[in-house]
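Asks: structure.txt is reproduced in full below (compact mmCIF, N, CA and C atoms).
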# COMPACT_ATOMS: atom_id res chain seq x y z
N MET A 568 -20.67 5.65 -111.61
CA MET A 568 -20.53 7.05 -111.22
C MET A 568 -21.48 7.88 -112.07
N PRO A 569 -22.27 8.74 -111.43
CA PRO A 569 -23.23 9.54 -112.19
C PRO A 569 -22.54 10.64 -113.01
N ASN A 570 -23.14 10.93 -114.14
CA ASN A 570 -22.60 11.99 -115.01
C ASN A 570 -23.36 13.30 -114.83
N ILE A 571 -24.60 13.20 -114.42
CA ILE A 571 -25.45 14.38 -114.30
C ILE A 571 -25.20 15.05 -112.95
N LYS A 572 -25.16 16.39 -112.98
CA LYS A 572 -24.82 17.16 -111.78
C LYS A 572 -25.79 16.87 -110.62
N SER A 573 -27.07 16.82 -110.90
CA SER A 573 -28.05 16.59 -109.83
C SER A 573 -27.92 15.18 -109.25
N ALA A 574 -27.54 14.23 -110.10
CA ALA A 574 -27.34 12.86 -109.61
C ALA A 574 -26.11 12.78 -108.72
N LYS A 575 -25.07 13.53 -109.05
CA LYS A 575 -23.87 13.58 -108.21
C LYS A 575 -24.21 14.16 -106.85
N LYS A 576 -24.97 15.25 -106.89
CA LYS A 576 -25.35 15.91 -105.64
C LYS A 576 -26.22 14.97 -104.79
N ARG A 577 -27.14 14.28 -105.43
CA ARG A 577 -28.02 13.37 -104.71
C ARG A 577 -27.19 12.24 -104.07
N MET A 578 -26.17 11.78 -104.76
CA MET A 578 -25.31 10.73 -104.23
C MET A 578 -24.55 11.23 -103.00
N GLN A 579 -24.04 12.46 -103.07
CA GLN A 579 -23.34 13.03 -101.92
C GLN A 579 -24.28 13.17 -100.72
N LEU A 580 -25.48 13.67 -100.99
CA LEU A 580 -26.44 13.87 -99.90
C LEU A 580 -26.86 12.54 -99.28
N SER A 581 -27.09 11.55 -100.12
CA SER A 581 -27.52 10.26 -99.56
C SER A 581 -26.40 9.65 -98.73
N ARG A 582 -25.15 9.83 -99.13
CA ARG A 582 -24.02 9.33 -98.34
C ARG A 582 -23.95 10.07 -97.01
N ARG A 583 -24.14 11.38 -97.05
CA ARG A 583 -24.09 12.18 -95.82
C ARG A 583 -25.19 11.76 -94.85
N TRP A 584 -26.42 11.58 -95.37
CA TRP A 584 -27.53 11.18 -94.51
C TRP A 584 -27.38 9.76 -94.01
N ALA A 585 -26.76 8.89 -94.81
CA ALA A 585 -26.55 7.51 -94.36
C ALA A 585 -25.64 7.49 -93.15
N THR A 586 -24.57 8.29 -93.17
CA THR A 586 -23.67 8.32 -92.02
C THR A 586 -24.36 8.95 -90.81
N HIS A 587 -25.17 9.97 -91.06
CA HIS A 587 -25.91 10.61 -89.97
C HIS A 587 -26.89 9.62 -89.34
N ASN A 588 -27.64 8.91 -90.19
CA ASN A 588 -28.62 7.95 -89.68
C ASN A 588 -27.95 6.81 -88.92
N ARG A 589 -26.78 6.40 -89.38
CA ARG A 589 -26.04 5.34 -88.69
C ARG A 589 -25.66 5.81 -87.29
N ALA A 590 -25.23 7.06 -87.18
CA ALA A 590 -24.84 7.61 -85.88
C ALA A 590 -26.04 7.71 -84.94
N VAL A 591 -27.18 8.12 -85.48
CA VAL A 591 -28.39 8.24 -84.66
C VAL A 591 -28.83 6.87 -84.16
N ARG A 592 -28.81 5.87 -85.05
CA ARG A 592 -29.19 4.52 -84.64
C ARG A 592 -28.24 3.97 -83.57
N ALA A 593 -26.96 4.28 -83.70
CA ALA A 593 -25.99 3.83 -82.70
C ALA A 593 -26.28 4.49 -81.34
N ARG A 594 -26.64 5.76 -81.38
CA ARG A 594 -26.97 6.46 -80.14
C ARG A 594 -28.21 5.84 -79.48
N ILE A 595 -29.18 5.45 -80.30
CA ILE A 595 -30.39 4.81 -79.78
C ILE A 595 -30.05 3.46 -79.16
N ARG A 596 -29.24 2.67 -79.85
CA ARG A 596 -28.86 1.36 -79.32
C ARG A 596 -28.14 1.50 -77.98
N THR A 597 -27.27 2.50 -77.87
CA THR A 597 -26.55 2.72 -76.62
C THR A 597 -27.51 3.12 -75.50
N ALA A 598 -28.47 3.99 -75.81
CA ALA A 598 -29.42 4.44 -74.79
C ALA A 598 -30.28 3.27 -74.30
N VAL A 599 -30.71 2.43 -75.23
CA VAL A 599 -31.53 1.26 -74.87
C VAL A 599 -30.71 0.31 -74.02
N LYS A 600 -29.45 0.11 -74.39
CA LYS A 600 -28.58 -0.79 -73.64
C LYS A 600 -28.37 -0.28 -72.22
N ARG A 601 -28.22 1.03 -72.07
CA ARG A 601 -28.03 1.60 -70.72
C ARG A 601 -29.25 1.36 -69.84
N VAL A 602 -30.45 1.47 -70.44
CA VAL A 602 -31.66 1.22 -69.64
C VAL A 602 -31.69 -0.24 -69.21
N ARG A 603 -31.38 -1.14 -70.13
CA ARG A 603 -31.42 -2.57 -69.81
C ARG A 603 -30.37 -2.97 -68.79
N GLU A 604 -29.25 -2.24 -68.74
CA GLU A 604 -28.19 -2.56 -67.78
C GLU A 604 -28.43 -1.93 -66.41
N SER A 605 -29.41 -1.04 -66.31
CA SER A 605 -29.69 -0.37 -65.04
C SER A 605 -30.13 -1.39 -63.99
N GLU A 606 -29.63 -1.19 -62.79
CA GLU A 606 -29.96 -2.11 -61.72
C GLU A 606 -30.85 -1.49 -60.65
N THR A 607 -30.99 -0.16 -60.67
CA THR A 607 -31.89 0.50 -59.71
C THR A 607 -32.85 1.40 -60.47
N VAL A 608 -33.97 1.66 -59.83
CA VAL A 608 -34.99 2.52 -60.45
C VAL A 608 -34.47 3.94 -60.61
N GLU A 609 -33.66 4.40 -59.65
CA GLU A 609 -33.15 5.77 -59.68
C GLU A 609 -32.28 6.01 -60.92
N THR A 610 -31.52 5.02 -61.33
CA THR A 610 -30.70 5.18 -62.53
C THR A 610 -31.48 4.87 -63.80
N ALA A 611 -32.46 3.97 -63.69
CA ALA A 611 -33.18 3.53 -64.88
C ALA A 611 -34.15 4.60 -65.41
N GLU A 612 -34.82 5.33 -64.52
CA GLU A 612 -35.85 6.25 -64.98
C GLU A 612 -35.33 7.39 -65.85
N PRO A 613 -34.24 8.09 -65.47
CA PRO A 613 -33.76 9.14 -66.38
C PRO A 613 -33.24 8.57 -67.70
N ARG A 614 -32.63 7.39 -67.63
CA ARG A 614 -32.15 6.75 -68.86
C ARG A 614 -33.33 6.33 -69.74
N LEU A 615 -34.41 5.89 -69.10
CA LEU A 615 -35.61 5.52 -69.85
C LEU A 615 -36.19 6.72 -70.58
N ARG A 616 -36.25 7.86 -69.89
CA ARG A 616 -36.78 9.08 -70.52
C ARG A 616 -35.95 9.46 -71.75
N GLU A 617 -34.63 9.38 -71.62
CA GLU A 617 -33.76 9.73 -72.75
C GLU A 617 -33.96 8.75 -73.91
N ALA A 618 -34.03 7.46 -73.60
CA ALA A 618 -34.20 6.45 -74.65
C ALA A 618 -35.53 6.62 -75.37
N ILE A 619 -36.58 6.89 -74.60
CA ILE A 619 -37.91 7.06 -75.21
C ILE A 619 -37.93 8.29 -76.11
N SER A 620 -37.27 9.34 -75.68
CA SER A 620 -37.20 10.55 -76.50
C SER A 620 -36.51 10.26 -77.83
N LEU A 621 -35.38 9.57 -77.77
CA LEU A 621 -34.65 9.23 -78.99
C LEU A 621 -35.47 8.30 -79.89
N LEU A 622 -36.14 7.32 -79.28
CA LEU A 622 -36.94 6.38 -80.06
C LEU A 622 -38.12 7.07 -80.74
N ASP A 623 -38.79 7.96 -80.00
CA ASP A 623 -39.93 8.67 -80.59
C ASP A 623 -39.50 9.55 -81.76
N ARG A 624 -38.37 10.20 -81.60
CA ARG A 624 -37.85 11.03 -82.69
C ARG A 624 -37.53 10.19 -83.92
N ALA A 625 -36.94 9.02 -83.69
CA ALA A 625 -36.59 8.13 -84.80
C ALA A 625 -37.85 7.62 -85.50
N ALA A 626 -38.89 7.35 -84.72
CA ALA A 626 -40.14 6.87 -85.33
C ALA A 626 -40.80 7.98 -86.13
N ARG A 627 -40.75 9.18 -85.61
CA ARG A 627 -41.38 10.30 -86.32
C ARG A 627 -40.69 10.57 -87.65
N ARG A 628 -39.37 10.36 -87.67
CA ARG A 628 -38.61 10.59 -88.90
C ARG A 628 -38.50 9.33 -89.76
N ARG A 629 -39.18 8.23 -89.32
CA ARG A 629 -39.17 6.95 -90.03
C ARG A 629 -37.77 6.35 -90.13
N LEU A 630 -36.91 6.68 -89.18
CA LEU A 630 -35.59 6.09 -89.12
C LEU A 630 -35.71 4.65 -88.64
N LEU A 631 -36.65 4.42 -87.75
CA LEU A 631 -37.02 3.09 -87.30
C LEU A 631 -38.53 2.94 -87.52
N HIS A 632 -38.98 1.71 -87.69
CA HIS A 632 -40.41 1.49 -87.89
C HIS A 632 -41.16 1.82 -86.60
N PRO A 633 -42.27 2.55 -86.70
CA PRO A 633 -43.00 2.95 -85.50
C PRO A 633 -43.43 1.78 -84.62
N LYS A 634 -43.79 0.66 -85.22
CA LYS A 634 -44.21 -0.49 -84.40
C LYS A 634 -43.02 -1.09 -83.66
N LYS A 635 -41.84 -1.07 -84.26
CA LYS A 635 -40.64 -1.55 -83.57
C LYS A 635 -40.34 -0.64 -82.39
N VAL A 636 -40.50 0.66 -82.61
CA VAL A 636 -40.27 1.63 -81.53
C VAL A 636 -41.23 1.36 -80.38
N ASP A 637 -42.51 1.14 -80.69
CA ASP A 637 -43.49 0.84 -79.64
C ASP A 637 -43.12 -0.42 -78.87
N ARG A 638 -42.65 -1.43 -79.59
CA ARG A 638 -42.28 -2.69 -78.97
C ARG A 638 -41.09 -2.51 -78.02
N VAL A 639 -40.08 -1.78 -78.47
CA VAL A 639 -38.89 -1.56 -77.64
C VAL A 639 -39.25 -0.73 -76.41
N LYS A 640 -40.08 0.29 -76.60
CA LYS A 640 -40.50 1.11 -75.46
C LYS A 640 -41.25 0.26 -74.43
N SER A 641 -42.10 -0.63 -74.91
CA SER A 641 -42.84 -1.50 -74.01
C SER A 641 -41.90 -2.41 -73.23
N GLN A 642 -40.89 -2.96 -73.91
CA GLN A 642 -39.92 -3.82 -73.23
C GLN A 642 -39.15 -3.05 -72.16
N LEU A 643 -38.78 -1.82 -72.49
CA LEU A 643 -38.04 -1.00 -71.52
C LEU A 643 -38.89 -0.66 -70.32
N HIS A 644 -40.16 -0.31 -70.56
CA HIS A 644 -41.06 -0.01 -69.45
C HIS A 644 -41.23 -1.24 -68.56
N ARG A 645 -41.34 -2.40 -69.19
CA ARG A 645 -41.49 -3.64 -68.43
C ARG A 645 -40.26 -3.86 -67.54
N HIS A 646 -39.09 -3.60 -68.09
CA HIS A 646 -37.86 -3.78 -67.32
C HIS A 646 -37.82 -2.84 -66.12
N VAL A 647 -38.16 -1.58 -66.34
CA VAL A 647 -38.13 -0.60 -65.24
C VAL A 647 -39.18 -0.96 -64.19
N ASN A 648 -40.35 -1.44 -64.62
CA ASN A 648 -41.38 -1.82 -63.66
C ASN A 648 -40.95 -3.03 -62.83
N GLN A 649 -40.19 -3.95 -63.45
CA GLN A 649 -39.68 -5.09 -62.67
C GLN A 649 -38.68 -4.61 -61.63
N LEU A 650 -37.86 -3.61 -61.99
CA LEU A 650 -36.93 -3.05 -61.02
C LEU A 650 -37.69 -2.41 -59.86
N ARG A 651 -38.78 -1.74 -60.21
CA ARG A 651 -39.59 -1.05 -59.19
C ARG A 651 -40.20 -2.05 -58.22
N ASP A 652 -40.65 -3.20 -58.74
CA ASP A 652 -41.31 -4.20 -57.90
C ASP A 652 -40.34 -4.96 -56.99
N SER A 653 -39.10 -5.10 -57.45
CA SER A 653 -38.17 -5.90 -56.65
C SER A 653 -37.39 -5.08 -55.64
Show the structure stored in the file as structure tokens.

Replies:
Amino acid sequence: MPNIKSAKKRMQLSRRWATHNRAVRARIRTAVKRVRESETVETAEPRLREAISLLDRAARRRLLHPKKVDRVKSQLHRHVNQLRDS
């Protein structure tokens, strides 16, 4: 347990941001899952837009690695394009 006031405050803030980041990552995972579960293009495209928005925001804030975000976006686009072709 920290004794210095600034260290205590930093510990509180890091705990608060850790819970916030966990919630954001969970929201991203859910959005990606919804895109992958889509069976028609009409349902997949709006879900894809939402997932890409969340992923780009996470990459900009370094919540997720930018290259991982690019990889996931590519996989999602591939999935939607396969729906479009079939």

Asks: Determine, counting all atoms listed in the file, which protein, DNA and RNA residues have an atom within 8 Å of an atom of stretch 632-644 of chain A; residues of the same chain fewer than 4 positions away are not included. Present the result as a PyMOL selection string.

Replies: chain A and resi 599+602-603+615+618-619+622-623+625-628+648-650

Asks: Could you check the closest approach to A:Glu612 for each of A:Thr597, A:His587, A:Ser581, A:Val647 and tell me which residue wins, using all atoms listed in the file?

Replies: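 Closest to A:Glu612 of all the choices is A:Val647.
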
Asks: Which distance in Å separates atom CA of A:Arg616 and atom C of A:Arg601, to one decimal?

Replies: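 Atom-to-atom, atom CA of A:Arg616 and atom C of A:Arg601 are spaced 10.8 Å apart.
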
Asks: Atom CA of A:Arg629 and atom C of A:Arg577 are how many Å apart?

Replies: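 Here the two named atoms are 19.2 Å from each other.
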
Asks: Between atom CA of A:Thr607 and atom CA of A:Arg624, what is the spacing in Å?

Replies: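 Rounded to one decimal, the two atoms are 26.0 Å apart.
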
Asks: Please run DSSP on the backbone and report, as a ChimeraX atom specification, all residues within chain A that come out as helix (DSSP H, G or I).

Replies: /A:572-604,608-627,633-652

Asks: Considering only C-alpha atoms, state which residue in the set A:Leu630, A:Ala598, A:Ala611, A:Ile571 is at the smallest distance from A:Ala585.

Replies: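 Result for the nearest residue to A:Ala585: A:Leu630.
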
Asks: Write only C-alpha atoms for stretch 571-649 of chain A from the block just shown, as a PDB file, in the first residue's frame.

Replies:
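Saved as part19.pdb:
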ATOM      1  CA  ILE A 571       2.610   8.966  -0.535  1.00  0.00           C
ATOM      2  CA  LYS A 572      -0.534  10.882  -1.478  1.00  0.00           C
ATOM      3  CA  SER A 573       0.276  11.069  -5.197  1.00  0.00           C
ATOM      4  CA  ALA A 574       1.008   7.334  -5.289  1.00  0.00           C
ATOM      5  CA  LYS A 575      -2.372   6.614  -3.671  1.00  0.00           C
ATOM      6  CA  LYS A 576      -4.100   8.796  -6.224  1.00  0.00           C
ATOM      7  CA  ARG A 577      -2.217   7.144  -9.080  1.00  0.00           C
ATOM      8  CA  MET A 578      -3.288   3.725  -7.780  1.00  0.00           C
ATOM      9  CA  GLN A 579      -6.945   4.802  -7.677  1.00  0.00           C
ATOM     10  CA  LEU A 580      -6.757   6.233 -11.183  1.00  0.00           C
ATOM     11  CA  SER A 581      -5.055   3.178 -12.623  1.00  0.00           C
ATOM     12  CA  ARG A 582      -7.736   0.952 -11.065  1.00  0.00           C
ATOM     13  CA  ARG A 583     -10.479   3.168 -12.507  1.00  0.00           C
ATOM     14  CA  TRP A 584      -8.934   3.134 -15.990  1.00  0.00           C
ATOM     15  CA  ALA A 585      -8.342  -0.617 -15.833  1.00  0.00           C
ATOM     16  CA  THR A 586     -12.054  -1.231 -15.275  1.00  0.00           C
ATOM     17  CA  HIS A 587     -12.930   1.259 -18.015  1.00  0.00           C
ATOM     18  CA  ASN A 588     -10.524  -0.380 -20.473  1.00  0.00           C
ATOM     19  CA  ARG A 589     -11.890  -3.818 -19.620  1.00  0.00           C
ATOM     20  CA  ALA A 590     -15.412  -2.614 -20.413  1.00  0.00           C
ATOM     21  CA  VAL A 591     -14.308  -1.076 -23.717  1.00  0.00           C
ATOM     22  CA  ARG A 592     -12.514  -4.275 -24.758  1.00  0.00           C
ATOM     23  CA  ALA A 593     -15.616  -6.311 -23.874  1.00  0.00           C
ATOM     24  CA  ARG A 594     -17.742  -4.005 -26.021  1.00  0.00           C
ATOM     25  CA  ILE A 595     -15.311  -4.480 -28.919  1.00  0.00           C
ATOM     26  CA  ARG A 596     -15.356  -8.267 -28.547  1.00  0.00           C
ATOM     27  CA  THR A 597     -19.164  -8.245 -28.582  1.00  0.00           C
ATOM     28  CA  ALA A 598     -19.294  -6.042 -31.692  1.00  0.00           C
ATOM     29  CA  VAL A 599     -16.820  -8.283 -33.533  1.00  0.00           C
ATOM     30  CA  LYS A 600     -18.777 -11.373 -32.504  1.00  0.00           C
ATOM     31  CA  ARG A 601     -22.016  -9.854 -33.822  1.00  0.00           C
ATOM     32  CA  VAL A 602     -20.409  -9.216 -37.216  1.00  0.00           C
ATOM     33  CA  ARG A 603     -19.095 -12.778 -37.388  1.00  0.00           C
ATOM     34  CA  GLU A 604     -22.519 -14.189 -36.458  1.00  0.00           C
ATOM     35  CA  SER A 605     -24.305 -12.163 -39.156  1.00  0.00           C
ATOM     36  CA  GLU A 606     -25.861 -14.279 -41.835  1.00  0.00           C
ATOM     37  CA  THR A 607     -27.014 -11.588 -44.279  1.00  0.00           C
ATOM     38  CA  VAL A 608     -25.299  -8.572 -45.753  1.00  0.00           C
ATOM     39  CA  GLU A 609     -28.119  -6.292 -44.570  1.00  0.00           C
ATOM     40  CA  THR A 610     -27.409  -7.130 -40.929  1.00  0.00           C
ATOM     41  CA  ALA A 611     -23.645  -7.425 -41.298  1.00  0.00           C
ATOM     42  CA  GLU A 612     -22.896  -4.010 -42.821  1.00  0.00           C
ATOM     43  CA  PRO A 613     -24.214  -1.763 -40.001  1.00  0.00           C
ATOM     44  CA  ARG A 614     -22.609  -4.068 -37.441  1.00  0.00           C
ATOM     45  CA  LEU A 615     -19.348  -3.900 -39.387  1.00  0.00           C
ATOM     46  CA  ARG A 616     -19.413  -0.094 -39.338  1.00  0.00           C
ATOM     47  CA  GLU A 617     -19.927  -0.079 -35.568  1.00  0.00           C
ATOM     48  CA  ALA A 618     -17.163  -2.635 -34.967  1.00  0.00           C
ATOM     49  CA  ILE A 619     -14.701  -0.754 -37.174  1.00  0.00           C
ATOM     50  CA  SER A 620     -15.466   2.478 -35.360  1.00  0.00           C
ATOM     51  CA  LEU A 621     -14.802   0.870 -31.981  1.00  0.00           C
ATOM     52  CA  LEU A 622     -11.638  -0.831 -33.235  1.00  0.00           C
ATOM     53  CA  ASP A 623     -10.229   2.366 -34.740  1.00  0.00           C
ATOM     54  CA  ARG A 624     -10.872   4.249 -31.523  1.00  0.00           C
ATOM     55  CA  ALA A 625      -9.130   1.522 -29.520  1.00  0.00           C
ATOM     56  CA  ALA A 626      -6.132   1.613 -31.858  1.00  0.00           C
ATOM     57  CA  ARG A 627      -5.883   5.381 -31.653  1.00  0.00           C
ATOM     58  CA  ARG A 628      -5.866   5.200 -27.855  1.00  0.00           C
ATOM     59  CA  ARG A 629      -3.439   2.214 -27.927  1.00  0.00           C
ATOM     60  CA  LEU A 630      -5.977   0.080 -26.084  1.00  0.00           C
ATOM     61  CA  LEU A 631      -5.320  -2.564 -28.723  1.00  0.00           C
ATOM     62  CA  HIS A 632      -2.254  -2.827 -30.939  1.00  0.00           C
ATOM     63  CA  PRO A 633      -2.867  -1.054 -34.264  1.00  0.00           C
ATOM     64  CA  LYS A 634      -1.683  -4.047 -36.293  1.00  0.00           C
ATOM     65  CA  LYS A 635      -4.090  -6.346 -34.440  1.00  0.00           C
ATOM     66  CA  VAL A 636      -6.879  -3.888 -35.188  1.00  0.00           C
ATOM     67  CA  ASP A 637      -5.954  -3.902 -38.885  1.00  0.00           C
ATOM     68  CA  ARG A 638      -5.919  -7.699 -38.901  1.00  0.00           C
ATOM     69  CA  VAL A 639      -9.346  -7.993 -37.254  1.00  0.00           C
ATOM     70  CA  LYS A 640     -10.829  -5.381 -39.584  1.00  0.00           C
ATOM     71  CA  SER A 641      -9.491  -7.298 -42.571  1.00  0.00           C
ATOM     72  CA  GLN A 642     -11.015 -10.542 -41.289  1.00  0.00           C
ATOM     73  CA  LEU A 643     -14.375  -8.853 -40.768  1.00  0.00           C
ATOM     74  CA  HIS A 644     -14.325  -7.314 -44.241  1.00  0.00           C
ATOM     75  CA  ARG A 645     -13.506 -10.722 -45.683  1.00  0.00           C
ATOM     76  CA  HIS A 646     -16.465 -12.241 -43.860  1.00  0.00           C
ATOM     77  CA  VAL A 647     -18.888  -9.577 -45.100  1.00  0.00           C
ATOM     78  CA  ASN A 648     -17.572  -9.931 -48.663  1.00  0.00           C
ATOM     79  CA  GLN A 649     -18.164 -13.690 -48.517  1.00  0.00           C
TER      80      GLN A 649
END
